[in-house]
>>> print(open('structure.txt').read())   # compact mmCIF, C-alpha atoms
# COMPACT_ATOMS: atom_id res chain seq x y z
CA MET A 1 197.42 47.06 120.64
CA SER A 2 199.60 50.05 119.74
CA GLN A 3 202.44 51.19 121.99
CA ASN A 4 200.82 54.62 122.43
CA LEU A 5 197.56 53.02 123.60
CA ILE A 6 199.47 50.91 126.13
CA LYS A 7 201.16 54.06 127.45
CA ARG A 8 197.78 55.78 127.59
CA ILE A 9 196.22 52.95 129.62
CA ILE A 10 199.14 52.70 132.07
CA THR A 11 199.21 56.47 132.57
CA SER A 12 195.44 56.51 133.12
CA MET A 13 195.73 53.83 135.82
CA ILE A 14 198.47 55.77 137.61
CA LEU A 15 196.45 59.00 137.39
CA PHE A 16 193.41 57.21 138.81
CA LEU A 17 195.41 55.96 141.82
CA LEU A 18 196.86 59.44 142.36
CA LEU A 19 193.36 60.91 142.18
CA LEU A 20 192.14 58.53 144.89
CA PHE A 21 195.15 59.32 147.09
CA ILE A 22 194.73 63.08 146.73
CA ASN A 23 190.97 62.94 147.15
CA PHE A 24 190.91 60.78 150.28
CA SER A 25 194.02 62.01 152.08
CA ASN A 26 193.52 65.35 153.85
CA ASN A 27 192.87 69.02 153.15
CA TYR A 28 196.54 70.00 153.05
CA ILE A 29 197.51 67.38 150.48
CA PHE A 30 194.47 68.25 148.38
CA VAL A 31 195.30 71.99 148.39
CA LEU A 32 198.98 71.40 147.62
CA SER A 33 198.10 68.98 144.82
CA ILE A 34 195.51 71.23 143.20
CA CYS A 35 197.93 74.18 143.37
CA LEU A 36 200.70 72.09 141.81
CA ILE A 37 198.34 71.09 139.01
CA GLY A 38 197.43 74.75 138.62
CA LEU A 39 201.08 75.75 138.25
CA ILE A 40 201.66 73.09 135.59
CA ILE A 41 198.55 74.25 133.71
CA CYS A 42 199.77 77.86 133.78
CA PHE A 43 203.19 76.79 132.54
CA GLU A 44 201.69 74.77 129.66
CA ALA A 45 199.26 77.58 128.78
CA ASN A 46 202.24 79.96 128.76
CA LYS A 47 203.86 77.86 126.01
CA ILE A 48 200.64 77.97 123.96
CA PHE A 49 200.44 81.77 124.24
CA LEU A 50 204.10 82.17 123.40
CA LYS A 51 203.79 80.18 120.21
CA LEU A 52 200.41 81.65 119.32
CA LEU A 53 201.66 85.22 119.59
CA LYS A 54 204.89 84.41 117.78
CA ILE A 55 202.85 83.08 114.87
CA ARG A 56 200.71 86.20 114.87
CA SER A 57 203.74 88.48 115.05
CA HIS A 58 205.06 86.93 111.83
CA GLU A 59 201.68 87.21 110.09
CA GLY A 60 201.08 90.84 111.01
CA SER A 61 202.99 93.96 111.88
CA HIS A 62 202.99 93.56 115.65
CA THR A 63 205.85 95.17 117.51
CA ILE A 64 207.83 93.50 120.29
CA LYS A 65 206.25 95.83 122.85
CA LYS A 66 202.70 94.89 121.84
CA PHE A 67 203.66 91.23 121.73
CA ASN A 68 204.96 91.35 125.33
CA PHE A 69 201.88 93.20 126.55
CA LYS A 70 199.49 90.64 125.07
CA PHE A 71 201.63 87.81 126.40
CA LEU A 72 201.53 89.32 129.89
CA ILE A 73 197.76 89.88 129.83
CA LEU A 74 197.00 86.34 128.65
CA ASN A 75 199.19 84.85 131.37
CA LEU A 76 197.66 87.05 134.07
CA ILE A 77 194.14 86.08 133.00
CA THR A 78 195.13 82.41 132.99
CA PHE A 79 196.77 82.66 136.42
CA PHE A 80 193.72 84.42 137.88
CA TYR A 81 191.28 81.91 136.41
CA ILE A 82 193.25 78.81 137.40
CA PHE A 83 194.01 79.82 141.01
CA PHE A 84 191.11 82.08 141.97
CA ILE A 85 188.35 80.26 140.12
CA PHE A 86 189.33 76.68 139.25
CA CYS A 87 191.45 75.89 142.33
CA TYR A 88 189.24 77.84 144.73
CA PHE A 89 185.95 76.36 143.50
CA SER A 90 187.48 72.88 143.40
CA TYR A 91 188.44 73.22 147.06
CA GLN A 92 184.98 74.52 147.93
CA ILE A 93 183.40 71.46 146.29
CA TYR A 94 185.86 69.20 148.11
CA LEU A 95 185.24 70.93 151.45
CA ILE A 96 181.50 71.60 151.34
CA GLN A 97 180.12 68.88 149.06
CA THR A 98 182.53 66.19 150.40
CA PRO A 99 185.43 64.39 148.64
CA ILE A 100 183.05 61.74 147.28
CA PHE A 101 181.05 64.35 145.41
CA PHE A 102 184.26 65.90 144.07
CA LEU A 103 185.23 62.44 142.77
CA TYR A 104 181.76 62.12 141.24
CA LEU A 105 182.23 65.31 139.22
CA ILE A 106 185.69 64.21 138.06
CA PHE A 107 184.19 60.90 136.96
CA ILE A 108 181.55 62.70 134.87
CA CYS A 109 184.32 64.54 133.02
CA PHE A 110 186.47 61.41 132.66
CA PHE A 111 183.60 59.34 131.30
CA THR A 112 182.72 62.21 128.96
CA ASP A 113 186.23 61.91 127.48
CA ILE A 114 186.07 58.11 127.37
CA GLY A 115 182.68 58.11 125.64
CA GLY A 116 183.87 60.58 123.03
CA TYR A 117 187.02 58.55 122.38
CA ILE A 118 185.24 55.18 122.09
CA PHE A 119 182.33 56.36 119.94
CA GLY A 120 184.64 58.48 117.80
CA LYS A 121 186.95 55.54 117.14
CA ILE A 122 184.31 52.85 116.62
CA ILE A 123 181.58 54.79 114.82
CA GLY A 124 183.43 57.82 113.45
CA GLY A 125 181.36 59.70 110.92
CA LYS A 126 180.82 63.38 110.31
CA LYS A 127 183.19 65.86 111.93
CA LEU A 128 181.75 68.04 114.66
CA THR A 129 183.76 71.20 113.95
CA ARG A 130 186.88 72.46 112.21
CA ILE A 131 188.26 73.56 115.57
CA SER A 132 189.21 69.97 116.41
CA PRO A 133 189.31 67.63 113.37
CA ASN A 134 189.29 64.53 115.59
CA LYS A 135 185.94 65.43 117.17
CA THR A 136 182.91 63.77 115.60
CA ILE A 137 179.16 64.05 116.13
CA SER A 138 179.07 60.39 117.17
CA GLY A 139 181.83 61.13 119.69
CA THR A 140 179.77 63.96 121.17
CA ILE A 141 176.76 61.66 121.53
CA GLY A 142 179.00 59.04 123.12
CA SER A 143 180.28 61.64 125.58
CA PHE A 144 176.75 62.46 126.73
CA ILE A 145 175.82 58.78 127.02
CA PHE A 146 178.92 57.84 129.03
CA SER A 147 178.56 60.86 131.32
CA ILE A 148 175.50 59.16 132.83
CA ILE A 149 177.54 56.13 133.98
CA PRO A 150 178.84 57.86 137.16
CA LEU A 151 175.25 58.79 138.07
CA ILE A 152 174.16 55.18 137.65
CA LEU A 153 177.15 53.88 139.63
CA PHE A 154 177.04 56.38 142.50
CA SER A 155 173.25 56.22 142.87
CA TYR A 156 173.40 52.41 142.92
CA LEU A 157 176.04 52.53 145.68
CA ASN A 158 173.93 55.20 147.41
CA TYR A 159 176.78 57.65 147.89
CA PHE A 160 175.81 61.05 149.44
CA ASN A 161 172.12 60.02 148.99
CA LEU A 162 172.38 60.48 145.23
CA GLU A 163 169.26 59.40 143.35
CA PHE A 164 168.78 58.68 139.68
CA SER A 165 166.36 61.54 139.15
CA PHE A 166 165.55 63.80 136.23
CA ASN A 167 167.37 66.74 137.83
CA ASN A 168 170.53 64.71 138.42
CA PHE A 169 170.29 63.36 134.89
CA ILE A 170 170.18 66.90 133.47
CA PHE A 171 173.00 67.92 135.83
CA CYS A 172 175.25 65.18 134.39
CA LEU A 173 174.49 66.19 130.82
CA THR A 174 175.14 69.86 131.62
CA VAL A 175 178.50 69.14 133.28
CA SER A 176 179.39 66.94 130.30
CA LEU A 177 178.47 69.75 127.91
CA ILE A 178 180.69 72.28 129.73
CA SER A 179 183.52 69.76 129.81
CA GLN A 180 183.23 69.25 126.04
CA ILE A 181 183.10 73.00 125.40
CA GLY A 182 186.25 73.43 127.52
CA ASP A 183 187.94 70.68 125.55
CA LEU A 184 187.03 72.38 122.28
CA PHE A 185 188.24 75.76 123.55
CA ILE A 186 191.69 74.44 124.46
CA SER A 187 191.78 72.50 121.17
CA TYR A 188 191.07 75.76 119.35
CA LEU A 189 194.00 77.48 121.07
CA LYS A 190 196.32 74.57 120.32
CA ARG A 191 195.23 74.50 116.69
CA ARG A 192 195.84 78.24 116.32
CA ALA A 193 199.27 77.79 117.92
CA ASN A 194 199.92 74.79 115.66
CA ILE A 195 200.75 72.36 118.47
CA LYS A 196 199.37 68.87 119.15
CA ASP A 197 200.04 68.50 122.88
CA THR A 198 200.61 71.04 125.62
CA GLY A 199 203.42 68.95 127.11
CA LYS A 200 204.98 65.51 127.50
CA ILE A 201 204.61 64.96 131.24
CA LEU A 202 201.88 62.30 130.79
CA PRO A 203 202.96 59.48 128.41
CA GLY A 204 200.22 58.71 125.91
CA HIS A 205 198.22 61.79 126.89
CA GLY A 206 200.56 64.76 126.43
CA GLY A 207 200.47 67.51 129.02
CA VAL A 208 198.37 68.02 132.13
CA LEU A 209 196.27 70.62 130.32
CA ASP A 210 195.52 68.05 127.60
CA ARG A 211 194.07 65.80 130.29
CA VAL A 212 192.12 68.35 132.35
CA ASP A 213 191.04 70.83 129.65
CA GLY A 214 187.37 70.07 130.24
CA ILE A 215 187.66 69.71 134.02
CA ILE A 216 189.03 73.22 134.59
CA PHE A 217 185.77 74.61 133.20
CA ALA A 218 183.33 71.93 134.40
CA LEU A 219 184.22 72.11 138.11
CA PRO A 220 183.71 75.88 138.59
CA PHE A 221 180.48 75.70 136.57
CA SER A 222 179.29 72.78 138.71
CA TYR A 223 179.95 74.76 141.88
CA LEU A 224 177.96 77.75 140.60
CA LEU A 225 175.18 75.45 139.41
CA LEU A 226 174.88 73.83 142.84
CA LYS A 227 175.09 77.12 144.72
CA PHE A 228 172.71 79.32 142.76
CA ILE A 229 170.23 76.96 141.07
>>> encode(input="structure.txt", output="structure tokens")
Amino acid sequence: MSQNLIKRIITSMILFLLLLFINFSNNYIFVLSICLIGLIICFEANKIFLKLLKIRSHEGSHTIKKFNFKFLILNLITFFYIFFIFCYFSYQIYLIQTPIFFLYLIFICFFTDIGGYIFGKIIGGKKLTRISPNKTISGTIGSFIFSIIPLILFSYLNYFNLEFSFNNFIFCLTVSLISQIGDLFISYLKRRANIKDTGKILPGHGGVLDRVDGIIFALPFSYLLLKFI
């Protein structure tokens, strides 16, 4: 077992325990934690934009003034999305749908990542897209398959009266799809900026944004899906 994999496993276990603590503590701790995560995401996204625009400024004839304006706009959009969409909708799910359901959605995203990693490593095969060279078609299939595991587990334990129905099955696959699209979007930005990880705060994983890139899109979408459909 490689040293990086050991770090990845240990970090994942610590993150899981922190998730349980945050999720089952109280509203104040949850809000503070989600806002702290939001600040870290904004900081890491800021580094991506900085490097991305620096690369573009060398390739083209952009002036310093235009560079600063684009940099400001990208950061403002990120700040608005993270705090007024991701953080707000996450809290609404936690408050209205209960902490257990919030944990259920996080598990769908986590198992989506795990399925993609396992199938991609074991089966490999044809690449999914040039955006992220490590993504494979087999990994995508594995992500969809593994995303059903939380549904099986939570319905078996009979949490929040969840049933293994066709609608819930489709819901899992849809959340998994959005999570994968979010992952690809952040991977595209990192590839354009020519960076591998958004940070080093999580040993074996990189930055916080590397770990929650799919979640920041899947949770708001899940909230809208539950509210309007």
>>> residues_around(input="structure.txt", residues="segment 80-82 of chain A", least_positions_apart="4", cutoff="9 Å", atoms="only C-alpha atoms", output="compact mmCIF listing (two decimals) with C-alpha atoms, in the frame of the given file")
# COMPACT_ATOMS: atom_id res chain seq x y z
CA CYS A 35 197.93 74.18 143.37
CA GLY A 38 197.43 74.75 138.62
CA LEU A 39 201.08 75.75 138.25
CA ILE A 41 198.55 74.25 133.71
CA CYS A 42 199.77 77.86 133.78
CA ASN A 75 199.19 84.85 131.37
CA LEU A 76 197.66 87.05 134.07
CA PHE A 86 189.33 76.68 139.25
CA CYS A 87 191.45 75.89 142.33
CA TYR A 88 189.24 77.84 144.73
CA ILE A 216 189.03 73.22 134.59
>>> residues_around(input="structure.txt", residues="segment 138-140 of chain A", least_positions_apart="5", cutoff="7 Å", atoms="all atoms listed in the file", output="ChimeraX atom specification")
/A:115-117,119-120,123-125
>>> residues_around(input="structure.txt", residues="segment 158-172 of chain A", least_positions_apart="5", cutoff="9 Å", atoms="all atoms listed in the file", output="compact mmCIF listing (two decimals) with C-alpha atoms, in the coordinates of the input")
# COMPACT_ATOMS: atom_id res chain seq x y z
CA GLN A 97 180.12 68.88 149.06
CA THR A 98 182.53 66.19 150.40
CA ILE A 100 183.05 61.74 147.28
CA PHE A 101 181.05 64.35 145.41
CA LEU A 105 182.23 65.31 139.22
CA ILE A 108 181.55 62.70 134.87
CA PHE A 144 176.75 62.46 126.73
CA SER A 147 178.56 60.86 131.32
CA ILE A 148 175.50 59.16 132.83
CA PRO A 150 178.84 57.86 137.16
CA LEU A 151 175.25 58.79 138.07
CA ILE A 152 174.16 55.18 137.65
CA LEU A 153 177.15 53.88 139.63
CA LEU A 177 178.47 69.75 127.91
CA SER A 222 179.29 72.78 138.71
CA LEU A 225 175.18 75.45 139.41
>>> closest_residue(input="structure.txt", among="A:Tyr104, A:Phe110, A:Phe221, A:Phe83", to="Ile37 of chain A", atoms="only C-alpha atoms")
A:Phe83
>>> closest_residue(input="structure.txt", among="A:Phe228, A:Phe21, A:Phe30, A:Tyr156", to="Leu95 of chain A", atoms="all atoms listed in the file")
A:Phe30
>>> closest_residue(input="structure.txt", among="A:Thr174, A:Thr11, A:Phe146, A:Ile106", to="Asp213 of chain A", atoms="all atoms listed in the file")
A:Ile106
>>> atom_distance(input="structure.txt", atom1="atom CA of Thr198 of chain A", atom2="atom CA of Glu44 of chain A")
5.6 Å
>>> closest_residue(input="structure.txt", among="A:Asn46, A:Asn68, A:Gln3, A:Asn23", to="Lys190 of chain A", atoms="all atoms listed in the file")
A:Asn46
>>> closest_residue(input="structure.txt", among="A:Leu52, A:Ala218, A:Leu15, A:Leu157", to="Arg192 of chain A", atoms="only C-alpha atoms")
A:Leu52
>>> closest_residue(input="structure.txt", among="A:Lys200, A:Ile96, A:Gly142, A:Arg211", to="Ile118 of chain A", atoms="only C-alpha atoms")
A:Gly142
